[in-house]
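Please read the structure below before turning to the comments.
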Amino acid sequence: MSQQVDIEVLAHTPPAGRAKKTPLLFVHGAYASAGQWEPFFLPFFAENGYPAYALSVRGHGASAGREWVRNARLRDYVDDVLTVMDRLPAPPVLIGHSLGGMIVQKILARQAVPAAVLMCSAPPHGLLGSTLAALFTNPVMFRQTATMHRRGPDAATLDSARRAMFLPDTPDDWIRTVLPPAQPESDAVMLDATWRDLPPSRGRRDVPVLVLGAGKDACITRMAVSETARAFGVQADVFEDLPHALMMVPEWRKVAMRILEWLDTALVRAPVH
């Protein structure tokens, strides 16, 4: 285990008498924080009975480690999630978005959980394919992201957020309201997620896994979503008209409902670990 740091955890509690036994733990992606789950997903799942938690990995959000996040490794982020898991009242369902999906895959390679959801996840073969696709199909977004990575969050703009995360017609006010401030990201983590420290190409089969994709995703290709689903022996569900930020778009509710319906079924048939 890497050195433990103080980790930000956001929590929403279900109404009295309606709490289910299995909590949910949401894991954000690169340049992001726990706040991306706060506007909609955390209250929605709590209202539907699931104790809902979201963490910010080290150097992100209100977690410690901002001053040395550039040197963090992917295994450090994995350890942060495992630390929070150990503090929860029961083993959680893991729900990871983008790079957070790769973190979830790395955890699944080490231990079983009740279930997992991978949303627009980095695929098990790494980010190289999606990165090259963005270079040729969305060069402006690629350049903006590279600039933000090099110069830091101060280089982030509404236009860069829209190109990477939302649809072109998403209003400025919507993005300002739902999108937390951009976060600095580790060079080492991005190398790990591209080729250096990848999860197994074949995922475990004793954990129910839901793989979700977005047809208008500028960051993760449809092929990458299919490869992630194939790794776990499942079919991907793709929201054809939605972009990368499935949890923050105006149509977020239909994504949340798909997860909720799947969870209510998957947790009934999931083996006890």
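Residues in the structure tokens are named by chain (A, B, ... in the order shown) and by number from 1 within that chain; ligands are numbered from 1 in the order shown.
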Apply DSSP to the backbone of this structure and, from stretch 100-180 of chain A, keep only the residues in helix (DSSP H, G or I); write these as JSON, numbers by chain. {"A": [100, 101, 102, 103, 104, 105, 106, 107, 108, 128, 129, 130, 131, 132, 133, 134, 135, 136, 137, 139, 140, 141, 142, 143, 144, 145, 146, 147, 148, 149, 150, 151, 153, 154, 155, 158, 159, 160, 161, 162, 163, 164, 165, 172, 173, 174, 175, 176, 177, 178]}
Can you build me a table of stretch 34-88 of chain A residues sitting at most 10 Å from stretch 92-101 of chain A, with the closest atom pair per residue and its distance in Å to one decimal, using only C-alpha atoms, sorted by chain and residue number, as a Markdown table?
| residue | atom | partner | partner_atom | distance |
| --- | --- | --- | --- | --- |
| A:Tyr50 | CA | A:Val93 | CA | 10.0 |
| A:Pro51 | CA | A:Pro92 | CA | 9.3 |
| A:Ala52 | CA | A:Pro92 | CA | 9.3 |
| A:Tyr53 | CA | A:Pro92 | CA | 9.3 |
| A:Ala54 | CA | A:Ile95 | CA | 9.3 |
| A:Val57 | CA | A:Gly100 | CA | 9.6 |
| A:Leu74 | CA | A:Leu99 | CA | 9.5 |
| A:Tyr77 | CA | A:Gly100 | CA | 9.0 |
| A:Val78 | CA | A:Gly100 | CA | 9.3 |
| A:Val81 | CA | A:Leu94 | CA | 9.4 |
| A:Val84 | CA | A:Pro92 | CA | 10.0 |
| A:Met85 | CA | A:Pro92 | CA | 6.9 |
| A:Asp86 | CA | A:Pro92 | CA | 9.5 |
| A:Leu88 | CA | A:Pro92 | CA | 7.5 |
Please build the interface table for stretch 113-153 of chain A against stretch 25-49 of chain A with a cut-off of 12 Å, listing for each qualifying residue the nearest atom pair and the distance in Å to one decimal; count only C-alpha atoms, order rows by chain and increasing number, and write it as CSV.
residue,atom,partner,partner_atom,distance
A:Val113,CA,A:Leu25,CA,10.9
A:Pro114,CA,A:Leu25,CA,11.3
A:Ala115,CA,A:Leu25,CA,10.7
A:Ala116,CA,A:Leu25,CA,9.6
A:Val117,CA,A:Phe26,CA,9.3
A:Leu118,CA,A:Val27,CA,9.8
A:Met119,CA,A:Gly29,CA,9.9
A:Cys120,CA,A:Gly29,CA,9.8
A:Ser121,CA,A:Gly29,CA,8.7
A:Ala122,CA,A:Gly29,CA,9.1
A:Leu127,CA,A:Ala30,CA,11.8
A:Thr145,CA,A:Tyr31,CA,9.7
A:Ala146,CA,A:Tyr31,CA,11.7
A:Met148,CA,A:Tyr31,CA,9.2
A:His149,CA,A:Tyr31,CA,8.4
A:Arg150,CA,A:Tyr31,CA,11.9
A:Gly152,CA,A:Tyr31,CA,9.4
A:Pro153,CA,A:Tyr31,CA,8.1
Straight-line distance linking atom CA of A:Ala62 with atom CA of A:Glu8, stated in Å to one decimal: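 Separation between atom CA of A:Ala62 and atom CA of A:Glu8: 5.5 Å.
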Taking 2 positions as the minimum chain separation for residues in the same chain, which residues sit within 8 Å of A:Leu179 when counting only C-alpha atoms? Answer as a PDB file with C-alpha atoms, in the first residue's frame.
ATOM      1  CA  GLY A  35     -18.091  16.872  -6.898  1.00  0.00           C
ATOM      2  CA  GLN A  36     -19.046  15.570 -10.337  1.00  0.00           C
ATOM      3  CA  ILE A 175     -21.840  23.633 -17.437  1.00  0.00           C
ATOM      4  CA  ARG A 176     -20.979  26.270 -14.825  1.00  0.00           C
ATOM      5  CA  THR A 177     -23.622  24.864 -12.481  1.00  0.00           C
ATOM      6  CA  PRO A 181     -13.410  23.012 -11.075  1.00  0.00           C
ATOM      7  CA  MET A 248     -23.840  15.677 -15.510  1.00  0.00           C
TER       8      MET A 248
END
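The smallest atom-to-atom distance between A:Leu191 and any of A:Arg230, A:Arg151, A:Arg204, A:Arg73, using only C-alpha atoms, is found for A:Arg73.
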Per residue of stretch 197-236 of chain A within 8 Å of stretch 130-134 of chain A, what are the shortest atom pair and its distance in Å to one decimal, counting only C-alpha atoms, with rows by chain and residue number, as CSV?
residue,atom,partner,partner_atom,distance
A:Ala218,CA,A:Ala134,CA,6.8
A:Cys219,CA,A:Ser130,CA,6.4
A:Ile220,CA,A:Ser130,CA,5.4
A:Thr221,CA,A:Ser130,CA,5.6
A:Ala224,CA,A:Ser130,CA,7.1
Resulting file, chosen residues, C-alpha atoms, as a PDB file, in the first residue's frame:
ATOM      1  CA  ALA A 218     -15.208  12.710 -27.490  1.00  0.00           C
ATOM      2  CA  CYS A 219     -12.825  10.976 -25.048  1.00  0.00           C
ATOM      3  CA  ILE A 220     -13.530   7.227 -25.124  1.00  0.00           C
ATOM      4  CA  THR A 221     -14.204   5.554 -28.467  1.00  0.00           C
ATOM      5  CA  ALA A 224     -12.917   1.059 -26.368  1.00  0.00           C
TER       6      ALA A 224
END
What separation in Å, quoted to one decimal, exists between atom CA of A:Ala112 and atom CA of A:Leu10?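 Answer for the atom CA of A:Ala112 to atom CA of A:Leu10 separation: 23.3 Å.
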Find the spatial neighbours of A:Pro243, counting only C-alpha atoms, within a cut-off of 10 Å - ignore same-chain residues fewer than 4 positions away - and output them as number ranges by chain. A: 120, 162-168, 213-220, 239, 247-249
Could you write out the selected residues, including C-alpha atoms, as a PDB file, in the first residue's frame?
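So result.pdb came out as:
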ATOM      1  CA  CYS A 120     -17.373   5.602 -20.426  1.00  0.00           C
ATOM      2  CA  ARG A 162     -17.872  21.443 -23.556  1.00  0.00           C
ATOM      3  CA  ARG A 163     -15.758  19.791 -26.245  1.00  0.00           C
ATOM      4  CA  ALA A 164     -14.528  17.045 -23.919  1.00  0.00           C
ATOM      5  CA  MET A 165     -17.533  16.379 -21.707  1.00  0.00           C
ATOM      6  CA  PHE A 166     -20.779  17.783 -23.128  1.00  0.00           C
ATOM      7  CA  LEU A 167     -22.701  18.292 -26.352  1.00  0.00           C
ATOM      8  CA  PRO A 168     -21.972  21.368 -28.493  1.00  0.00           C
ATOM      9  CA  GLY A 213     -20.935   4.037 -23.197  1.00  0.00           C
ATOM     10  CA  ALA A 214     -21.914   7.258 -24.941  1.00  0.00           C
ATOM     11  CA  GLY A 215     -22.400   7.609 -28.683  1.00  0.00           C
ATOM     12  CA  LYS A 216     -21.211  11.240 -28.673  1.00  0.00           C
ATOM     13  CA  ASP A 217     -18.211  10.622 -26.417  1.00  0.00           C
ATOM     14  CA  ALA A 218     -15.208  12.710 -27.490  1.00  0.00           C
ATOM     15  CA  CYS A 219     -12.825  10.976 -25.048  1.00  0.00           C
ATOM     16  CA  ILE A 220     -13.530   7.227 -25.124  1.00  0.00           C
ATOM     17  CA  PHE A 239     -26.539   6.003 -24.897  1.00  0.00           C
ATOM     18  CA  MET A 247     -23.693  11.929 -14.811  1.00  0.00           C
ATOM     19  CA  MET A 248     -23.840  15.677 -15.510  1.00  0.00           C
ATOM     20  CA  VAL A 249     -25.822  16.054 -18.737  1.00  0.00           C
TER      21      VAL A 249
END
